[in-house]
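The structure appears below as structure tokens.
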Amino acid sequence: MSTLVCFHAHPDDEVFTTGGVMRLAADAGHRVVLVTATDGALGEFPEGILTHGQTLAERRRGELEKSAGVLGASRIVMLHYADSGMAGTTDNDVEHAFCNADVEEAAAKLAAVLEEENADVLTIYDPNGGYGHPDHIKVHFVGLRAGELAGTKNVYETTTNRDHMKRLLAANPNWSEDGATPPDIDTFGLPESEITTVVDVSSVMAAKREAMQAHETQVGDFGPFLQMPPEILQEAFGQEWFRRVGAGPGLTETRLPL
């Protein structure tokens, strides 16, 4: 049995880029551990969805647990940094925001988990954090350093295939009207030429969709996708893309080394 550790910025981030590989790994008998840097307390949410006295952080923790269960995670670890908010907002300036965390300190926390779990594979984000969110960018640098500290040999940057997204958007121009267009497609994810690993997760799309539905407060993020016909949703999210850290040019893999 191998161990996969997926490091993400906020509750719900686990679904988009690693939900499929998490479920596949669990189904194959491997241990799956989900680590989030923040509690997602600055996420937007529908009015009236919280119960009396409930905080968004509390609600999102419950949603994370439900999603993690669907995706097969055996353990959840939250590093409890403050959510930094979107790029360019005043929340970026908060002292305890994750984007301002000391890399060595945060990496040591993650490395402790990697060592305790004897992790075989660690997933982080690409250098732009997928789409430029400060917390996602920080996950990249903290994750890289944690992998070094723990001696984790297999580190993968989760990403989105920019060229694939461009093709999908060209074929589905109505997505822009539905609010599902990425913030800046020209800086979104990585170009196809830089991706080393493409995993077909179409067989576990039902679990991936169920995990999306678990994050009820984040309907603004998932709503447009959940409204898609199953075949379009699978076309958009039926593959998960990675760049293997340290890999030479021309590497093409169809699975993580688990």
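All residue names refer to the structure tokens as shown: chains lettered A, B, ... in order, residues numbered from 1 in each chain, ligands numbered from 1 in order.
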| task | Write out as an MDAnalysis selection string each polymer residue whose atoms come within 9 Å of Ser67 in chain A, counting only C-alpha atoms; drop sequence neighbours fewer than 6 positions from it. | result | chainID A and resid 11:12 14:15 73 208 210:215
I'd like the neighbourhood of Ala82 in chain A as a compact mmCIF listing (two decimals) with N, CA, C and O atoms, in the first residue's frame, where a residue qualifies if any of its atoms comes within 6 Å (using only C-alpha atoms), though same-chain residues fewer than 5 positions away should be ignored.
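Resulting contents of selection-v7.txt:
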```
# COMPACT_ATOMS: atom_id res chain seq x y z
N THR A 38 -5.80 26.44 4.79
CA THR A 38 -6.68 27.40 5.45
C THR A 38 -8.06 26.79 5.68
O THR A 38 -8.37 25.71 5.19
N HIS A 96 -1.64 37.06 9.63
CA HIS A 96 -1.71 35.60 9.76
C HIS A 96 -2.27 34.93 8.52
O HIS A 96 -2.51 33.71 8.53
N ALA A 97 -2.49 35.70 7.46
CA ALA A 97 -2.97 35.10 6.22
C ALA A 97 -1.91 34.14 5.68
O ALA A 97 -0.71 34.36 5.80
N PHE A 98 -2.37 33.08 5.06
CA PHE A 98 -1.44 32.06 4.57
C PHE A 98 -0.44 32.63 3.57
O PHE A 98 0.73 32.22 3.54
```
Using only C-alpha atoms, what table do you get, as a Markdown table, when you list each residue of range 10-112 of chain A with an atom no more than 10 Å from range 202-206 of chain A, its nearest pair of atoms, and their distance in Å rounded to one decimal, rows by chain then rising number?
```
| residue | atom | partner | partner_atom | distance |
| --- | --- | --- | --- | --- |
| A:Gly19 | CA | A:Val204 | CA | 8.8 |
| A:Gly20 | CA | A:Val204 | CA | 6.1 |
| A:Val21 | CA | A:Val204 | CA | 8.8 |
| A:Met22 | CA | A:Val204 | CA | 9.8 |
| A:Arg23 | CA | A:Val204 | CA | 6.9 |
| A:Leu24 | CA | A:Val204 | CA | 7.2 |
| A:Asp27 | CA | A:Val204 | CA | 9.7 |
| A:Val70 | CA | A:Ala206 | CA | 9.8 |
| A:Leu71 | CA | A:Val204 | CA | 9.2 |
```
For those residues, write N, CA, C and O atoms to a file as a compact mmCIF listing (two decimals), in the first residue's frame.
```
# COMPACT_ATOMS: atom_id res chain seq x y z
N GLY A 19 -9.66 15.28 -7.17
CA GLY A 19 -10.75 14.44 -6.71
C GLY A 19 -10.74 13.06 -7.34
O GLY A 19 -10.98 12.04 -6.67
N GLY A 20 -10.43 13.01 -8.63
CA GLY A 20 -10.41 11.73 -9.32
C GLY A 20 -9.26 10.84 -8.90
O GLY A 20 -9.46 9.64 -8.64
N VAL A 21 -8.06 11.39 -8.80
CA VAL A 21 -6.91 10.55 -8.42
C VAL A 21 -7.03 10.11 -6.97
O VAL A 21 -6.56 9.01 -6.61
N MET A 22 -7.66 10.92 -6.13
CA MET A 22 -7.88 10.50 -4.75
C MET A 22 -8.79 9.28 -4.71
O MET A 22 -8.48 8.28 -4.04
N ARG A 23 -9.89 9.34 -5.45
CA ARG A 23 -10.84 8.23 -5.45
C ARG A 23 -10.22 6.97 -6.07
O ARG A 23 -10.40 5.86 -5.56
N LEU A 24 -9.48 7.14 -7.16
CA LEU A 24 -8.84 6.00 -7.80
C LEU A 24 -7.81 5.36 -6.88
O LEU A 24 -7.71 4.13 -6.80
N ASP A 27 -9.63 3.45 -4.15
CA ASP A 27 -10.23 2.23 -4.69
C ASP A 27 -9.18 1.15 -4.93
O ASP A 27 -9.50 -0.05 -4.88
N VAL A 70 -16.31 11.03 0.46
CA VAL A 70 -16.71 10.60 -0.88
C VAL A 70 -15.49 10.25 -1.73
O VAL A 70 -15.50 9.28 -2.50
N LEU A 71 -14.41 11.03 -1.57
CA LEU A 71 -13.22 10.85 -2.40
C LEU A 71 -12.25 9.82 -1.83
O LEU A 71 -11.22 9.54 -2.45
```
| task | Work out how far CA of His164 in chain A is from CA of Asn128 in chain A, in Å to one decimal. | result | 17.7 Å
| Residue neighbourhood Cys99 in chain A, 12 Å, only C-alpha atoms, exclusion window fewer than 5 positions, as JSON, numbers by chain | {"A": [9, 37, 38, 81, 82, 83, 84, 85, 86, 87, 88, 91, 92, 93, 94, 106, 129, 132, 133, 134, 135, 136, 137, 138, 139, 140, 141, 142]}
Output of the above residues as a PDB file, in the first residue's frame, restricted to N, CA and C atoms:
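Now in selection_8.pdb:
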```pdb
ATOM      1  N   ALA A   9      -5.264  24.532  -0.806  1.00  0.00           N
ATOM      2  CA  ALA A   9      -5.347  25.815  -0.120  1.00  0.00           C
ATOM      3  C   ALA A   9      -6.587  25.921   0.765  1.00  0.00           C
ATOM      4  N   ALA A  37      -4.435  24.205   3.775  1.00  0.00           N
ATOM      5  CA  ALA A  37      -3.681  25.251   4.458  1.00  0.00           C
ATOM      6  C   ALA A  37      -4.581  26.163   5.280  1.00  0.00           C
ATOM      7  N   THR A  38      -5.796  26.444   4.793  1.00  0.00           N
ATOM      8  CA  THR A  38      -6.685  27.402   5.448  1.00  0.00           C
ATOM      9  C   THR A  38      -8.063  26.791   5.676  1.00  0.00           C
ATOM     10  N   TYR A  81      -4.110  28.144   8.870  1.00  0.00           N
ATOM     11  CA  TYR A  81      -3.736  29.508   8.504  1.00  0.00           C
ATOM     12  C   TYR A  81      -4.991  30.262   8.094  1.00  0.00           C
ATOM     13  N   ALA A  82      -4.926  31.594   8.187  1.00  0.00           N
ATOM     14  CA  ALA A  82      -6.069  32.415   7.786  1.00  0.00           C
ATOM     15  C   ALA A  82      -6.164  32.462   6.266  1.00  0.00           C
ATOM     16  N   ASP A  83      -7.384  32.454   5.772  1.00  0.00           N
ATOM     17  CA  ASP A  83      -7.662  32.603   4.343  1.00  0.00           C
ATOM     18  C   ASP A  83      -7.166  33.981   3.900  1.00  0.00           C
ATOM     19  N   SER A  84      -6.441  34.040   2.789  1.00  0.00           N
ATOM     20  CA  SER A  84      -5.874  35.309   2.312  1.00  0.00           C
ATOM     21  C   SER A  84      -6.809  36.103   1.413  1.00  0.00           C
ATOM     22  N   GLY A  85      -7.928  35.496   1.013  1.00  0.00           N
ATOM     23  CA  GLY A  85      -8.818  36.195   0.096  1.00  0.00           C
ATOM     24  C   GLY A  85      -8.250  36.259  -1.310  1.00  0.00           C
ATOM     25  N   MET A  86      -9.016  36.829  -2.231  1.00  0.00           N
ATOM     26  CA  MET A  86      -8.598  36.911  -3.626  1.00  0.00           C
ATOM     27  C   MET A  86      -7.462  37.914  -3.789  1.00  0.00           C
ATOM     28  N   ALA A  87      -6.700  37.761  -4.850  1.00  0.00           N
ATOM     29  CA  ALA A  87      -5.564  38.644  -5.121  1.00  0.00           C
ATOM     30  C   ALA A  87      -6.010  40.097  -5.205  1.00  0.00           C
ATOM     31  N   GLY A  88      -5.233  40.982  -4.572  1.00  0.00           N
ATOM     32  CA  GLY A  88      -5.508  42.408  -4.653  1.00  0.00           C
ATOM     33  C   GLY A  88      -6.470  42.934  -3.614  1.00  0.00           C
ATOM     34  N   ASP A  91      -7.498  41.704   2.415  1.00  0.00           N
ATOM     35  CA  ASP A  91      -7.268  40.497   3.215  1.00  0.00           C
ATOM     36  C   ASP A  91      -5.866  39.942   2.992  1.00  0.00           C
ATOM     37  N   ASN A  92      -5.261  40.288   1.866  1.00  0.00           N
ATOM     38  CA  ASN A  92      -3.892  39.836   1.591  1.00  0.00           C
ATOM     39  C   ASN A  92      -2.898  40.397   2.599  1.00  0.00           C
ATOM     40  N   ASP A  93      -3.270  41.492   3.258  1.00  0.00           N
ATOM     41  CA  ASP A  93      -2.345  42.178   4.158  1.00  0.00           C
ATOM     42  C   ASP A  93      -2.419  41.692   5.597  1.00  0.00           C
ATOM     43  N   VAL A  94      -3.371  40.811   5.894  1.00  0.00           N
ATOM     44  CA  VAL A  94      -3.520  40.307   7.255  1.00  0.00           C
ATOM     45  C   VAL A  94      -2.277  39.493   7.636  1.00  0.00           C
ATOM     46  N   ALA A 106       5.787  26.949   7.575  1.00  0.00           N
ATOM     47  CA  ALA A 106       4.646  26.219   7.028  1.00  0.00           C
ATOM     48  C   ALA A 106       5.090  24.891   6.422  1.00  0.00           C
ATOM     49  N   GLY A 129      -0.365  28.786  -9.011  1.00  0.00           N
ATOM     50  CA  GLY A 129      -1.488  28.312  -8.216  1.00  0.00           C
ATOM     51  C   GLY A 129      -2.723  28.020  -9.033  1.00  0.00           C
ATOM     52  N   GLY A 132      -3.754  32.075  -9.986  1.00  0.00           N
ATOM     53  CA  GLY A 132      -3.241  33.298  -9.386  1.00  0.00           C
ATOM     54  C   GLY A 132      -3.711  33.630  -7.992  1.00  0.00           C
ATOM     55  N   HIS A 133      -4.482  32.773  -7.346  1.00  0.00           N
ATOM     56  CA  HIS A 133      -4.926  33.053  -5.979  1.00  0.00           C
ATOM     57  C   HIS A 133      -3.706  33.020  -5.059  1.00  0.00           C
ATOM     58  N   PRO A 134      -3.543  34.014  -4.182  1.00  0.00           N
ATOM     59  CA  PRO A 134      -2.364  34.073  -3.307  1.00  0.00           C
ATOM     60  C   PRO A 134      -2.142  32.808  -2.480  1.00  0.00           C
ATOM     61  N   ASP A 135      -3.211  32.220  -1.962  1.00  0.00           N
ATOM     62  CA  ASP A 135      -3.066  31.007  -1.160  1.00  0.00           C
ATOM     63  C   ASP A 135      -2.605  29.827  -2.014  1.00  0.00           C
ATOM     64  N   HIS A 136      -3.072  29.771  -3.250  1.00  0.00           N
ATOM     65  CA  HIS A 136      -2.680  28.682  -4.140  1.00  0.00           C
ATOM     66  C   HIS A 136      -1.209  28.802  -4.521  1.00  0.00           C
ATOM     67  N   ILE A 137      -0.778  30.013  -4.785  1.00  0.00           N
ATOM     68  CA  ILE A 137       0.630  30.240  -5.105  1.00  0.00           C
ATOM     69  C   ILE A 137       1.502  29.831  -3.915  1.00  0.00           C
ATOM     70  N   LYS A 138       1.049  30.155  -2.708  1.00  0.00           N
ATOM     71  CA  LYS A 138       1.808  29.800  -1.507  1.00  0.00           C
ATOM     72  C   LYS A 138       1.883  28.285  -1.334  1.00  0.00           C
ATOM     73  N   VAL A 139       0.814  27.581  -1.684  1.00  0.00           N
ATOM     74  CA  VAL A 139       0.820  26.124  -1.615  1.00  0.00           C
ATOM     75  C   VAL A 139       1.957  25.563  -2.462  1.00  0.00           C
ATOM     76  N   HIS A 140       2.186  26.162  -3.621  1.00  0.00           N
ATOM     77  CA  HIS A 140       3.267  25.697  -4.491  1.00  0.00           C
ATOM     78  C   HIS A 140       4.610  25.750  -3.772  1.00  0.00           C
ATOM     79  N   PHE A 141       4.950  26.915  -3.233  1.00  0.00           N
ATOM     80  CA  PHE A 141       6.266  27.095  -2.623  1.00  0.00           C
ATOM     81  C   PHE A 141       6.418  26.328  -1.310  1.00  0.00           C
ATOM     82  N   VAL A 142       5.350  26.331  -0.504  1.00  0.00           N
ATOM     83  CA  VAL A 142       5.392  25.570   0.754  1.00  0.00           C
ATOM     84  C   VAL A 142       5.472  24.074   0.458  1.00  0.00           C
TER      85      VAL A 142
END
```
| field | Between CA of Leu149 in chain A and CA of Pro191 in chain A, distance in Å (one decimal) | value | 29.1 Å
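Checking A:Glu240, A:Asp184, A:Glu216, A:Glu253 one by one against Thr197 in chain A, counting only C-alpha atoms, you find the shortest gap at A:Glu253.
Across the model, the gap from CA of Leu144 in chain A to CA of Leu122 in chain A is 9.3 Å.
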